[in-house]
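The file run.cif comes next; it holds mmCIF, C-alpha atoms.
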```cif
data_input
loop_
_atom_site.label_atom_id
_atom_site.label_comp_id
_atom_site.auth_asym_id
_atom_site.auth_seq_id
_atom_site.Cartn_x
_atom_site.Cartn_y
_atom_site.Cartn_z
CA MET A 19 19.84 16.63 8.28
CA SER A 20 16.82 18.90 7.90
CA TYR A 21 13.93 18.14 5.56
CA LYS A 22 10.38 19.30 5.00
CA LYS A 23 8.01 17.39 7.30
CA ILE A 24 5.00 17.33 5.01
CA THR A 25 3.04 15.12 7.40
CA GLU A 26 3.23 17.86 10.05
CA SER A 27 2.35 20.73 7.72
CA PRO A 28 -0.71 22.84 8.64
CA SER A 29 -3.99 21.70 7.12
CA ASN A 30 -5.34 23.44 4.05
CA TYR A 31 -8.44 24.09 6.14
CA ASN A 32 -9.07 25.91 9.41
CA ASN A 33 -11.86 26.34 11.95
CA LEU A 34 -12.98 22.76 11.33
CA GLU A 35 -15.18 22.88 14.42
CA LEU A 36 -17.30 25.60 12.77
CA MET A 37 -18.07 23.48 9.70
CA ASP A 38 -21.32 21.59 9.30
CA THR A 39 -21.18 17.85 8.65
CA ALA A 40 -21.63 18.02 4.88
CA THR A 41 -18.83 20.59 4.56
CA ILE A 42 -16.46 18.45 6.67
CA LEU A 43 -17.17 15.36 4.58
CA ALA A 44 -16.84 17.19 1.27
CA ALA A 45 -13.49 18.63 2.34
CA ILE A 46 -12.16 15.25 3.46
CA ASN A 47 -13.28 13.73 0.16
CA SER A 48 -11.60 16.55 -1.76
CA GLU A 49 -8.32 15.79 0.01
CA ASP A 50 -8.70 12.04 -0.52
CA LYS A 51 -8.96 12.59 -4.28
CA LYS A 52 -5.28 13.62 -4.24
CA VAL A 53 -4.07 10.29 -2.88
CA ALA A 54 -4.23 8.09 -5.98
CA ASP A 55 -2.32 10.67 -8.00
CA ALA A 56 0.39 10.76 -5.34
CA VAL A 57 0.68 6.97 -5.46
CA GLU A 58 0.84 7.03 -9.26
CA ARG A 59 3.98 9.15 -9.04
CA VAL A 60 5.87 6.39 -7.20
CA ILE A 61 4.92 3.49 -9.49
CA PRO A 62 8.53 3.28 -10.80
CA GLN A 63 9.79 2.68 -7.26
CA ILE A 64 7.04 0.16 -6.51
CA THR A 65 7.91 -1.62 -9.76
CA LYS A 66 11.53 -1.95 -8.63
CA LEU A 67 10.41 -3.41 -5.31
CA VAL A 68 8.01 -5.93 -6.86
CA ASP A 69 10.66 -7.10 -9.32
CA GLY A 70 13.13 -7.54 -6.47
CA LEU A 71 10.52 -9.44 -4.47
CA GLU A 72 9.67 -11.73 -7.38
CA GLU A 73 13.32 -12.71 -7.81
CA ARG A 74 13.69 -13.51 -4.11
CA PHE A 75 10.29 -15.20 -3.72
CA ASN A 76 11.18 -17.62 -6.47
CA LYS A 77 14.18 -18.62 -4.35
CA GLY A 78 12.01 -19.19 -1.27
CA GLY A 79 12.33 -15.68 0.13
CA ARG A 80 9.72 -13.84 2.17
CA LEU A 81 8.28 -10.35 2.54
CA PHE A 82 8.35 -8.66 5.94
CA TYR A 83 6.52 -5.43 6.74
CA ILE A 84 7.63 -3.50 9.84
CA GLY A 85 5.80 -0.48 11.24
CA ALA A 86 4.26 1.18 14.27
CA GLY A 87 0.73 2.41 14.92
CA THR A 88 -1.43 2.82 11.81
CA SER A 89 1.48 1.92 9.53
CA GLY A 90 2.15 -1.31 11.41
CA ARG A 91 -1.53 -2.24 11.39
CA LEU A 92 -1.76 -1.71 7.63
CA GLY A 93 1.23 -4.00 7.09
CA ILE A 94 -0.38 -6.69 9.22
CA LEU A 95 -3.68 -6.26 7.37
CA ASP A 96 -2.01 -6.74 4.00
CA ALA A 97 -0.04 -9.76 5.19
CA SER A 98 -3.08 -11.39 6.78
CA GLU A 99 -5.02 -11.28 3.52
CA ILE A 100 -2.43 -13.14 1.44
CA PRO A 101 -3.23 -16.71 2.61
CA PRO A 102 -7.02 -16.56 2.06
CA THR A 103 -6.78 -14.58 -1.18
CA PHE A 104 -3.85 -16.34 -2.83
CA GLY A 105 -3.44 -19.58 -0.88
CA MET A 106 0.09 -18.76 0.26
CA PRO A 107 1.44 -20.00 3.60
CA HIS A 108 1.17 -17.45 6.42
CA GLU A 109 4.93 -17.30 6.83
CA ARG A 110 5.63 -15.99 3.29
CA VAL A 111 4.28 -12.47 3.93
CA VAL A 112 4.59 -11.31 7.55
CA GLY A 113 3.56 -8.07 9.22
CA LEU A 114 5.33 -6.96 12.40
CA ILE A 115 4.22 -4.07 14.60
CA ALA A 116 6.07 -2.21 17.35
CA GLY A 117 4.74 -3.47 20.68
CA GLY A 118 3.72 -6.88 19.34
CA ASP A 119 0.26 -8.23 18.58
CA ILE A 120 -1.37 -6.36 21.47
CA ALA A 121 -0.54 -3.13 19.62
CA ILE A 122 -2.86 -4.13 16.77
CA ARG A 123 -5.83 -3.06 18.91
CA LYS A 124 -4.30 -0.84 21.57
CA ALA A 125 -1.39 1.59 21.47
CA VAL A 126 1.66 0.38 23.42
CA GLU A 127 3.43 3.29 25.07
CA ASN A 128 6.92 4.08 23.70
CA ALA A 129 7.07 0.82 21.69
CA GLU A 130 7.93 2.65 18.48
CA ASP A 131 10.89 4.40 20.13
CA ASP A 132 12.97 1.21 20.53
CA GLU A 133 15.34 1.13 17.58
CA THR A 134 16.65 -2.37 18.37
CA GLN A 135 13.35 -4.24 18.69
CA ALA A 136 12.41 -4.61 15.02
CA TRP A 137 15.51 -6.63 14.21
CA LYS A 138 14.89 -8.80 17.29
CA ASP A 139 11.35 -9.40 16.00
CA LEU A 140 12.69 -10.27 12.55
CA GLU A 141 15.27 -12.66 13.98
CA GLU A 142 12.48 -14.69 15.55
CA HIS A 143 11.54 -15.61 11.96
CA ASN A 144 15.09 -16.72 11.07
CA ILE A 145 15.37 -13.91 8.58
CA ASN A 146 18.00 -14.28 5.85
CA THR A 147 19.31 -12.63 2.69
CA THR A 148 16.58 -14.08 0.44
CA ASP A 149 14.02 -12.07 2.41
CA VAL A 150 12.88 -8.48 1.84
CA VAL A 151 12.08 -5.95 4.57
CA VAL A 152 9.68 -3.08 3.89
CA GLY A 153 9.52 -0.37 6.53
CA ILE A 154 6.31 1.65 6.72
CA ALA A 155 6.31 5.01 8.50
CA ALA A 156 4.36 8.10 7.48
CA SER A 157 6.85 10.35 9.27
CA GLY A 158 9.87 8.42 8.01
CA THR A 159 11.48 8.84 11.43
CA THR A 160 10.03 6.00 13.54
CA PRO A 161 12.99 4.47 15.47
CA TYR A 162 11.49 0.94 15.41
CA VAL A 163 11.34 1.06 11.61
CA LEU A 164 14.66 2.85 11.05
CA GLY A 165 16.50 0.42 13.33
CA GLY A 166 15.08 -2.60 11.53
CA ILE A 167 15.85 -1.25 8.07
CA LYS A 168 19.38 -0.24 9.09
CA VAL A 169 20.33 -3.72 10.33
CA ALA A 170 18.53 -5.50 7.48
CA LYS A 171 20.50 -3.41 4.99
CA GLU A 172 23.77 -4.12 6.82
CA LYS A 173 22.99 -7.84 6.73
CA GLY A 174 22.56 -7.79 2.94
CA LEU A 175 18.75 -7.89 2.67
CA LEU A 176 16.83 -5.84 0.12
CA THR A 177 15.00 -3.02 1.91
CA ALA A 178 12.29 -0.54 0.98
CA GLY A 179 10.73 2.34 2.86
CA ILE A 180 7.16 3.56 2.43
CA THR A 181 6.86 7.08 3.84
CA ASN A 182 4.88 10.26 3.31
CA ASN A 183 7.93 12.47 3.79
CA PRO A 184 9.99 11.74 0.64
CA ASP A 185 13.18 13.30 2.05
CA SER A 186 12.95 11.65 5.48
CA PRO A 187 15.57 9.38 7.07
CA LEU A 188 13.62 6.26 6.05
CA ALA A 189 13.63 7.32 2.39
CA THR A 190 17.34 8.05 2.60
CA MET A 191 18.20 4.78 4.35
CA ALA A 192 16.23 2.16 2.39
CA HIS A 193 17.47 0.70 -0.90
CA ILE A 194 14.13 1.53 -2.51
CA PRO A 195 12.52 4.73 -1.20
CA ILE A 196 8.78 4.96 -1.82
CA GLY A 197 8.03 8.53 -0.79
CA ILE A 198 4.35 9.34 -1.29
CA ASP A 199 3.67 13.07 -0.98
CA VAL A 200 -0.05 13.42 -0.25
CA GLY A 201 0.30 16.93 1.17
CA PRO A 202 -0.98 18.14 4.55
CA GLU A 203 -3.62 16.13 6.35
CA PHE A 204 -7.16 17.49 6.74
CA VAL A 205 -6.67 17.33 10.51
CA THR A 206 -3.10 18.56 10.90
CA GLY A 207 -0.71 15.67 11.56
CA SER A 208 -3.43 12.96 11.51
CA THR A 209 -1.54 10.49 9.32
CA ARG A 210 -4.21 7.81 9.67
CA MET A 211 -6.03 9.80 6.98
CA LYS A 212 -4.42 10.52 3.58
CA SER A 213 -1.05 9.07 4.56
CA GLY A 214 -2.65 5.84 5.77
CA THR A 215 -4.82 5.63 2.66
CA SER A 216 -1.79 6.03 0.42
CA GLN A 217 0.06 3.31 2.31
CA LYS A 218 -2.89 0.94 1.90
CA LEU A 219 -2.98 1.60 -1.85
CA ALA A 220 0.77 0.99 -2.15
CA LEU A 221 0.59 -2.23 -0.13
CA ASN A 222 -2.31 -3.47 -2.28
CA MET A 223 -0.18 -2.86 -5.35
CA ILE A 224 2.95 -4.50 -3.95
CA SER A 225 1.39 -7.74 -2.72
CA THR A 226 -1.14 -8.14 -5.54
CA ALA A 227 1.42 -7.54 -8.28
CA LEU A 228 3.82 -9.95 -6.56
CA MET A 229 1.19 -12.69 -6.30
CA ILE A 230 0.31 -12.26 -9.98
CA ARG A 231 3.97 -12.37 -11.00
CA ILE A 232 4.62 -15.61 -9.10
CA GLY A 233 1.61 -17.35 -10.65
CA ARG A 234 -1.05 -17.19 -7.95
CA VAL A 235 -3.65 -15.66 -10.32
CA LYS A 236 -4.98 -17.04 -13.61
CA GLY A 237 -6.68 -14.69 -16.04
CA SER A 238 -8.05 -12.30 -13.45
CA LYS A 239 -9.21 -15.02 -11.05
CA MET A 240 -8.08 -15.93 -7.53
CA VAL A 241 -7.64 -19.57 -8.45
CA ASN A 242 -5.60 -20.33 -5.32
CA MET A 243 -7.97 -18.74 -2.79
CA GLN A 244 -8.87 -20.67 0.35
CA LEU A 245 -12.44 -21.97 0.21
CA THR A 246 -13.35 -21.09 3.78
CA ASN A 247 -17.07 -20.25 3.44
CA ASP A 248 -20.09 -20.79 1.18
CA LYS A 249 -19.57 -17.48 -0.66
CA LEU A 250 -16.03 -18.47 -1.65
CA VAL A 251 -17.08 -22.00 -2.63
CA ASP A 252 -19.72 -20.48 -4.90
CA ARG A 253 -17.15 -18.07 -6.35
CA GLY A 254 -14.72 -20.92 -6.94
CA THR A 255 -17.40 -22.98 -8.64
CA ARG A 256 -18.21 -20.12 -11.00
CA TYR A 257 -14.51 -19.66 -11.79
CA ILE A 258 -14.35 -23.32 -12.84
CA MET A 259 -17.56 -22.96 -14.88
CA GLU A 260 -16.09 -20.03 -16.79
CA GLY A 261 -12.65 -21.58 -17.15
CA LEU A 262 -13.85 -24.93 -18.48
CA HIS A 263 -17.20 -23.89 -20.03
CA ILE A 264 -19.13 -26.50 -18.03
CA SER A 265 -22.29 -26.51 -15.93
CA TYR A 266 -22.41 -25.24 -12.35
CA GLU A 267 -23.15 -28.76 -11.12
CA LYS A 268 -20.13 -30.28 -12.90
CA ALA A 269 -17.91 -27.44 -11.71
CA GLU A 270 -19.09 -27.96 -8.15
CA GLU A 271 -18.28 -31.68 -8.38
CA LEU A 272 -14.76 -30.91 -9.59
CA LEU A 273 -14.21 -28.37 -6.84
CA LYS A 274 -15.30 -30.86 -4.18
CA GLU A 275 -13.04 -33.51 -5.70
CA PHE A 276 -9.89 -31.41 -5.97
CA GLY A 277 -10.46 -28.81 -3.23
CA SER A 278 -8.89 -26.05 -5.33
CA VAL A 279 -9.97 -24.01 -8.33
CA LYS A 280 -6.53 -24.29 -9.92
CA LEU A 281 -6.27 -28.05 -9.39
CA ALA A 282 -9.80 -28.57 -10.71
CA ILE A 283 -9.10 -26.58 -13.90
CA ASP A 284 -5.66 -28.18 -14.38
CA SER A 285 -7.20 -31.66 -14.04
CA GLN A 286 -9.17 -31.17 -17.24
CA LYS A 287 -6.24 -30.13 -19.42
#
```
Just dump the structure as structure tokens.
Amino acid sequence: MSYKKITESPSNYNNLELMDTATILAAINSEDKKVADAVERVIPQITKLVDGLEERFNKGGRLFYIGAGTSGRLGILDASEIPPTFGMPHERVVGLIAGGDIAIRKAVENAEDDETQAWKDLEEHNINTTDVVVGIAASGTTPYVLGGIKVAKEKGLLTAGITNNPDSPLATMAHIPIGIDVGPEFVTGSTRMKSGTSQKLALNMISTALMIRIGRVKGSKMVNMQLTNDKLVDRGTRYIMEGLHISYEKAEELLKEFGSVKLAIDSQK
């Protein structure tokens, strides 16, 4: 099946090496301005995914991201921020990358070309039908991602595919296709740029909306955040101050007593 490979389309610019620095930066910024609009166009699909996730999370399900290269790293980044930000266990949102953890820092040759490895990686987590698998691939053709989504779908799991080629195999295969058309990259084919930015925005939306929907945020506050440093303890204290209309000192005492913003506020109800 043929389709337009937007991520490989020629740049809107040429002779980049002849540009001065300010011109290069202005052009990159001009291209980046298109990304949020492209993400806005797929909000209906992201909504469908978040609603499906909420239903499964409330039954004990989990969210798995699978990807290679930049896409895999972005999935791992999003997953790694869930425990400190929302106080969720590490195993509830998991990022998997082709080539394993070593590939987070250094490319692993041919790792993304193994179409059977993603499901093997998922099986190590005892994956089941209450879980959701989201494949991330700018090209929409990465074998590691396609193989994982194919088996997950066959096994009855909800699947989604985040890609920057809306008509690609990943978009066709996943239950929920999230095809973000950001147009050609500034440097032709460099999908770490606009494509990667669009993926980061989409992942922010997916995980943040999910955490809000399952009750990990109160008002607009991260009341379940892990208090792992002085800055976060101070933030938590101020959240309690505002929530209970008490002094900083009293709020700090409550936070030390209960060890959680949410528990401290709930204790005074």
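Going from atom CA of Gly70 of chain A to atom CA of Leu176 of chain A covers 7.7 Å.
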Considering all atoms listed in the file, return as a list in words whatever protein or nucleic-acid residues lie within 9 Å of Ala116 of chain A, sequence-local ones (same chain, fewer than 3 positions apart) excluded.
Ile84, Gly85, Ala86, Gly87, Gly90, Asp119, Ala121, Val126, Asn128, Ala129, Glu130, Asp131, Asp132, Gln135, Ala136, Tyr162 and Val163 of chain A
Generate a file of the selected residues that holds C-alpha atoms, formatted as a tab-separated table (two decimals), keeping the file's coordinate frame.
```
chain	number	residue	atom	x	y	z
A	84	ILE	CA	7.63	-3.50	9.84
A	85	GLY	CA	5.80	-0.48	11.24
A	86	ALA	CA	4.26	1.18	14.27
A	87	GLY	CA	0.73	2.41	14.92
A	90	GLY	CA	2.15	-1.31	11.41
A	119	ASP	CA	0.26	-8.23	18.58
A	121	ALA	CA	-0.54	-3.13	19.62
A	126	VAL	CA	1.66	0.38	23.42
A	128	ASN	CA	6.92	4.08	23.70
A	129	ALA	CA	7.07	0.82	21.69
A	130	GLU	CA	7.93	2.65	18.48
A	131	ASP	CA	10.89	4.40	20.13
A	132	ASP	CA	12.97	1.21	20.53
A	135	GLN	CA	13.35	-4.24	18.69
A	136	ALA	CA	12.41	-4.61	15.02
A	162	TYR	CA	11.49	0.94	15.41
A	163	VAL	CA	11.34	1.06	11.61
```
For each of A:Ala156, A:Met259, A:Ile145, A:Leu140, take the minimum atom-to-atom distance to Lys23 of chain A, counting all atoms listed in the file, then give the residue where this is smallest.
A:Ala156
So how far away is atom CA of Met106 of chain A from atom CA of Ile258 of chain A, in Å?
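That distance, rounded to one decimal, is 20.0 Å.
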Can you tell me how far atom CA of Thr134 of chain A sits from atom CA of Ile167 of chain A, in Å to one decimal?
10.4 Å
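In terms of minimum interatomic distance to Thr147 of chain A, A:Arg80 ranks closest within A:His263, A:Arg80, A:Lys268, A:His193, counting only C-alpha atoms.
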Answer key for the PyMOL selection byres ((chain A and resi 277) around 12), residues as a VMD selection string:
chain A and resid 105 241 to 246 250 to 251 254 to 255 258 269 to 276 278 to 283 285
Which of A:Lys287, A:Lys124, A:Arg234, A:Lys168 sits closest to Ile100 of chain A [using all atoms listed in the file]
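Of A:Lys287, A:Lys124, A:Arg234, A:Lys168, the one nearest Ile100 of chain A, counting all atoms listed in the file, is A:Arg234.
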With all atoms listed in the file as the counted atoms, please give the residues lying no more than 9 Å from Asn76 of chain A, apart from itself and same-chain residues fewer than 4 positions off, as a ChimeraX atom specification.
/A:71-72,232
The PyMOL selection byres ((chain A and resi 215) around 12) - which residues does that actually catch in the file I just gave you? List them as a PyMOL selection string.
chain A and resi 47+49-54+56-57+88-89+92+156+181-182+198-200+203+208-214+216-222
Identify which of the residues A:Ala170, A:Met223, A:Ile180, A:Val150 lies closest to Arg110 of chain A, counting only C-alpha atoms when measuring atom-to-atom distances.
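Residue with the minimum atom-to-atom distance to Arg110 of chain A: A:Val150.
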Compare A:Thr41, A:Thr103, A:Thr65, A:Thr25 by their minimum atom-to-atom distance to Ala178 of chain A, counting only C-alpha atoms, and give me the closest one.
A:Thr65
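Minimum atom-to-atom distance to Gly158 of chain A, evaluated using all atoms listed in the file, belongs to A:Glu26 out of A:Asp252, A:Glu267, A:Glu26, A:Asp96.
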Evaluate the PyMOL selection byres ((chain A and resi 82) around 9) on the structure here and hand back the selected residues as an mmCIF file with C-alpha atoms, keeping the file's coordinate frame.
```cif
data_model
loop_
_atom_site.group_PDB
_atom_site.id
_atom_site.type_symbol
_atom_site.label_atom_id
_atom_site.label_comp_id
_atom_site.auth_asym_id
_atom_site.auth_seq_id
_atom_site.Cartn_x
_atom_site.Cartn_y
_atom_site.Cartn_z
ATOM 1 C CA ARG A 80 9.720 -13.840 2.170
ATOM 2 C CA LEU A 81 8.280 -10.350 2.540
ATOM 3 C CA TYR A 83 6.520 -5.430 6.740
ATOM 4 C CA ILE A 84 7.630 -3.500 9.840
ATOM 5 C CA GLY A 93 1.230 -4.000 7.090
ATOM 6 C CA ALA A 97 -0.040 -9.760 5.190
ATOM 7 C CA ARG A 110 5.630 -15.990 3.290
ATOM 8 C CA VAL A 111 4.280 -12.470 3.930
ATOM 9 C CA VAL A 112 4.590 -11.310 7.550
ATOM 10 C CA GLY A 113 3.560 -8.070 9.220
ATOM 11 C CA LEU A 114 5.330 -6.960 12.400
ATOM 12 C CA LEU A 140 12.690 -10.270 12.550
ATOM 13 C CA ASP A 149 14.020 -12.070 2.410
ATOM 14 C CA VAL A 150 12.880 -8.480 1.840
ATOM 15 C CA VAL A 151 12.080 -5.950 4.570
ATOM 16 C CA VAL A 152 9.680 -3.080 3.890
ATOM 17 C CA GLY A 153 9.520 -0.370 6.530
#
```
Which neighbours of Asp69 of chain A fall inside 10 Å, counting all atoms listed in the file, when residues of the same chain fewer than 3 positions from it are skipped, and could you give them as number ranges by chain?
A: 64-66, 72-75, 224, 227-228, 231
Would you pull segment 144-180 of chain A out of the block just shown and save N, CA and C atoms as a PDB file, in the first residue's frame?
```pdb
ATOM      1  N   ASN A 144       3.959  -9.091  32.065  1.00  0.00           N
ATOM      2  CA  ASN A 144       2.695  -9.830  32.233  1.00  0.00           C
ATOM      3  C   ASN A 144       1.507  -9.044  31.691  1.00  0.00           C
ATOM      4  N   ILE A 145       1.661  -8.557  30.494  1.00  0.00           N
ATOM      5  CA  ILE A 145       0.638  -7.718  29.877  1.00  0.00           C
ATOM      6  C   ILE A 145      -0.657  -8.496  29.689  1.00  0.00           C
ATOM      7  N   ASN A 146      -1.794  -7.788  29.832  1.00  0.00           N
ATOM      8  CA  ASN A 146      -3.090  -8.447  29.726  1.00  0.00           C
ATOM      9  C   ASN A 146      -4.114  -7.496  29.111  1.00  0.00           C
ATOM     10  N   THR A 147      -5.339  -7.962  28.966  1.00  0.00           N
ATOM     11  CA  THR A 147      -6.347  -7.202  28.209  1.00  0.00           C
ATOM     12  C   THR A 147      -6.868  -5.946  28.917  1.00  0.00           C
ATOM     13  N   THR A 148      -6.488  -5.719  30.173  1.00  0.00           N
ATOM     14  CA  THR A 148      -6.858  -4.443  30.804  1.00  0.00           C
ATOM     15  C   THR A 148      -5.837  -3.349  30.479  1.00  0.00           C
ATOM     16  N   ASP A 149      -4.743  -3.729  29.837  1.00  0.00           N
ATOM     17  CA  ASP A 149      -3.687  -2.777  29.510  1.00  0.00           C
ATOM     18  C   ASP A 149      -3.921  -2.145  28.139  1.00  0.00           C
ATOM     19  N   VAL A 150      -3.229  -1.032  27.907  1.00  0.00           N
ATOM     20  CA  VAL A 150      -3.306  -0.307  26.635  1.00  0.00           C
ATOM     21  C   VAL A 150      -1.893  -0.130  26.094  1.00  0.00           C
ATOM     22  N   VAL A 151      -1.724  -0.370  24.801  1.00  0.00           N
ATOM     23  CA  VAL A 151      -0.413  -0.209  24.166  1.00  0.00           C
ATOM     24  C   VAL A 151      -0.480   0.921  23.150  1.00  0.00           C
ATOM     25  N   VAL A 152       0.413   1.890  23.314  1.00  0.00           N
ATOM     26  CA  VAL A 152       0.503   3.029  22.397  1.00  0.00           C
ATOM     27  C   VAL A 152       1.835   2.954  21.666  1.00  0.00           C
ATOM     28  N   GLY A 153       1.773   2.755  20.366  1.00  0.00           N
ATOM     29  CA  GLY A 153       2.978   2.746  19.551  1.00  0.00           C
ATOM     30  C   GLY A 153       3.300   4.151  19.076  1.00  0.00           C
ATOM     31  N   ILE A 154       4.580   4.508  19.139  1.00  0.00           N
ATOM     32  CA  ILE A 154       5.014   5.846  18.724  1.00  0.00           C
ATOM     33  C   ILE A 154       6.058   5.680  17.628  1.00  0.00           C
ATOM     34  N   ALA A 155       5.780   6.217  16.454  1.00  0.00           N
ATOM     35  CA  ALA A 155       6.729   6.121  15.340  1.00  0.00           C
ATOM     36  C   ALA A 155       6.432   7.229  14.348  1.00  0.00           C
ATOM     37  N   ALA A 156       7.347   8.168  14.202  1.00  0.00           N
ATOM     38  CA  ALA A 156       7.133   9.277  13.278  1.00  0.00           C
ATOM     39  C   ALA A 156       6.835   8.759  11.878  1.00  0.00           C
ATOM     40  N   SER A 157       7.611   7.790  11.422  1.00  0.00           N
ATOM     41  CA  SER A 157       7.434   7.229  10.082  1.00  0.00           C
ATOM     42  C   SER A 157       6.167   6.413   9.958  1.00  0.00           C
ATOM     43  N   GLY A 158       5.765   5.772  11.070  1.00  0.00           N
ATOM     44  CA  GLY A 158       4.622   4.868  11.040  1.00  0.00           C
ATOM     45  C   GLY A 158       4.944   3.527  10.437  1.00  0.00           C
ATOM     46  N   THR A 159       6.234   3.245  10.257  1.00  0.00           N
ATOM     47  CA  THR A 159       6.642   1.986   9.618  1.00  0.00           C
ATOM     48  C   THR A 159       7.634   1.173  10.451  1.00  0.00           C
ATOM     49  N   THR A 160       7.989   1.625  11.632  1.00  0.00           N
ATOM     50  CA  THR A 160       9.007   0.963  12.444  1.00  0.00           C
ATOM     51  C   THR A 160       8.579  -0.466  12.790  1.00  0.00           C
ATOM     52  N   PRO A 161       9.328  -1.490  12.355  1.00  0.00           N
ATOM     53  CA  PRO A 161       8.924  -2.885  12.596  1.00  0.00           C
ATOM     54  C   PRO A 161       8.725  -3.215  14.072  1.00  0.00           C
ATOM     55  N   TYR A 162       9.585  -2.709  14.950  1.00  0.00           N
ATOM     56  CA  TYR A 162       9.454  -2.968  16.387  1.00  0.00           C
ATOM     57  C   TYR A 162       8.074  -2.538  16.873  1.00  0.00           C
ATOM     58  N   VAL A 163       7.644  -1.360  16.447  1.00  0.00           N
ATOM     59  CA  VAL A 163       6.353  -0.815  16.877  1.00  0.00           C
ATOM     60  C   VAL A 163       5.197  -1.558  16.209  1.00  0.00           C
ATOM     61  N   LEU A 164       5.290  -1.755  14.897  1.00  0.00           N
ATOM     62  CA  LEU A 164       4.211  -2.430  14.177  1.00  0.00           C
ATOM     63  C   LEU A 164       3.989  -3.849  14.705  1.00  0.00           C
ATOM     64  N   GLY A 165       5.085  -4.555  14.973  1.00  0.00           N
ATOM     65  CA  GLY A 165       4.962  -5.921  15.482  1.00  0.00           C
ATOM     66  C   GLY A 165       4.278  -5.959  16.831  1.00  0.00           C
ATOM     67  N   GLY A 166       4.636  -5.025  17.707  1.00  0.00           N
ATOM     68  CA  GLY A 166       4.024  -4.977  19.035  1.00  0.00           C
ATOM     69  C   GLY A 166       2.551  -4.634  18.978  1.00  0.00           C
ATOM     70  N   ILE A 167       2.198  -3.669  18.141  1.00  0.00           N
ATOM     71  CA  ILE A 167       0.795  -3.265  18.016  1.00  0.00           C
ATOM     72  C   ILE A 167      -0.027  -4.392  17.395  1.00  0.00           C
ATOM     73  N   LYS A 168       0.529  -5.066  16.413  1.00  0.00           N
ATOM     74  CA  LYS A 168      -0.191  -6.153  15.738  1.00  0.00           C
ATOM     75  C   LYS A 168      -0.577  -7.253  16.723  1.00  0.00           C
ATOM     76  N   VAL A 169       0.389  -7.701  17.527  1.00  0.00           N
ATOM     77  CA  VAL A 169       0.105  -8.791  18.473  1.00  0.00           C
ATOM     78  C   VAL A 169      -0.819  -8.308  19.587  1.00  0.00           C
ATOM     79  N   ALA A 170      -0.574  -7.088  20.086  1.00  0.00           N
ATOM     80  CA  ALA A 170      -1.435  -6.545  21.149  1.00  0.00           C
ATOM     81  C   ALA A 170      -2.891  -6.498  20.683  1.00  0.00           C
ATOM     82  N   LYS A 171      -3.090  -6.071  19.454  1.00  0.00           N
ATOM     83  CA  LYS A 171      -4.441  -6.006  18.900  1.00  0.00           C
ATOM     84  C   LYS A 171      -5.052  -7.401  18.782  1.00  0.00           C
ATOM     85  N   GLU A 172      -4.254  -8.355  18.323  1.00  0.00           N
ATOM     86  CA  GLU A 172      -4.723  -9.741  18.197  1.00  0.00           C
ATOM     87  C   GLU A 172      -5.093 -10.337  19.548  1.00  0.00           C
ATOM     88  N   LYS A 173      -4.398  -9.899  20.589  1.00  0.00           N
ATOM     89  CA  LYS A 173      -4.627 -10.433  21.934  1.00  0.00           C
ATOM     90  C   LYS A 173      -5.781  -9.728  22.649  1.00  0.00           C
ATOM     91  N   GLY A 174      -6.397  -8.746  21.992  1.00  0.00           N
ATOM     92  CA  GLY A 174      -7.566  -8.096  22.570  1.00  0.00           C
ATOM     93  C   GLY A 174      -7.287  -6.856  23.381  1.00  0.00           C
ATOM     94  N   LEU A 175      -6.068  -6.283  23.275  1.00  0.00           N
ATOM     95  CA  LEU A 175      -5.743  -5.055  23.986  1.00  0.00           C
ATOM     96  C   LEU A 175      -6.144  -3.844  23.137  1.00  0.00           C
ATOM     97  N   LEU A 176      -6.483  -2.749  23.794  1.00  0.00           N
ATOM     98  CA  LEU A 176      -6.710  -1.497  23.095  1.00  0.00           C
ATOM     99  C   LEU A 176      -5.361  -0.958  22.633  1.00  0.00           C
ATOM    100  N   THR A 177      -5.287  -0.527  21.380  1.00  0.00           N
ATOM    101  CA  THR A 177      -4.030  -0.008  20.828  1.00  0.00           C
ATOM    102  C   THR A 177      -4.245   1.366  20.215  1.00  0.00           C
ATOM    103  N   ALA A 178      -3.175   2.158  20.246  1.00  0.00           N
ATOM    104  CA  ALA A 178      -3.178   3.464  19.575  1.00  0.00           C
ATOM    105  C   ALA A 178      -1.829   3.647  18.898  1.00  0.00           C
ATOM    106  N   GLY A 179      -1.808   4.467  17.863  1.00  0.00           N
ATOM    107  CA  GLY A 179      -0.564   4.720  17.152  1.00  0.00           C
ATOM    108  C   GLY A 179      -0.348   6.200  16.929  1.00  0.00           C
ATOM    109  N   ILE A 180       0.735   6.731  17.482  1.00  0.00           N
ATOM    110  CA  ILE A 180       1.086   8.138  17.278  1.00  0.00           C
ATOM    111  C   ILE A 180       2.125   8.197  16.168  1.00  0.00           C
TER     112      ILE A 180
END
```
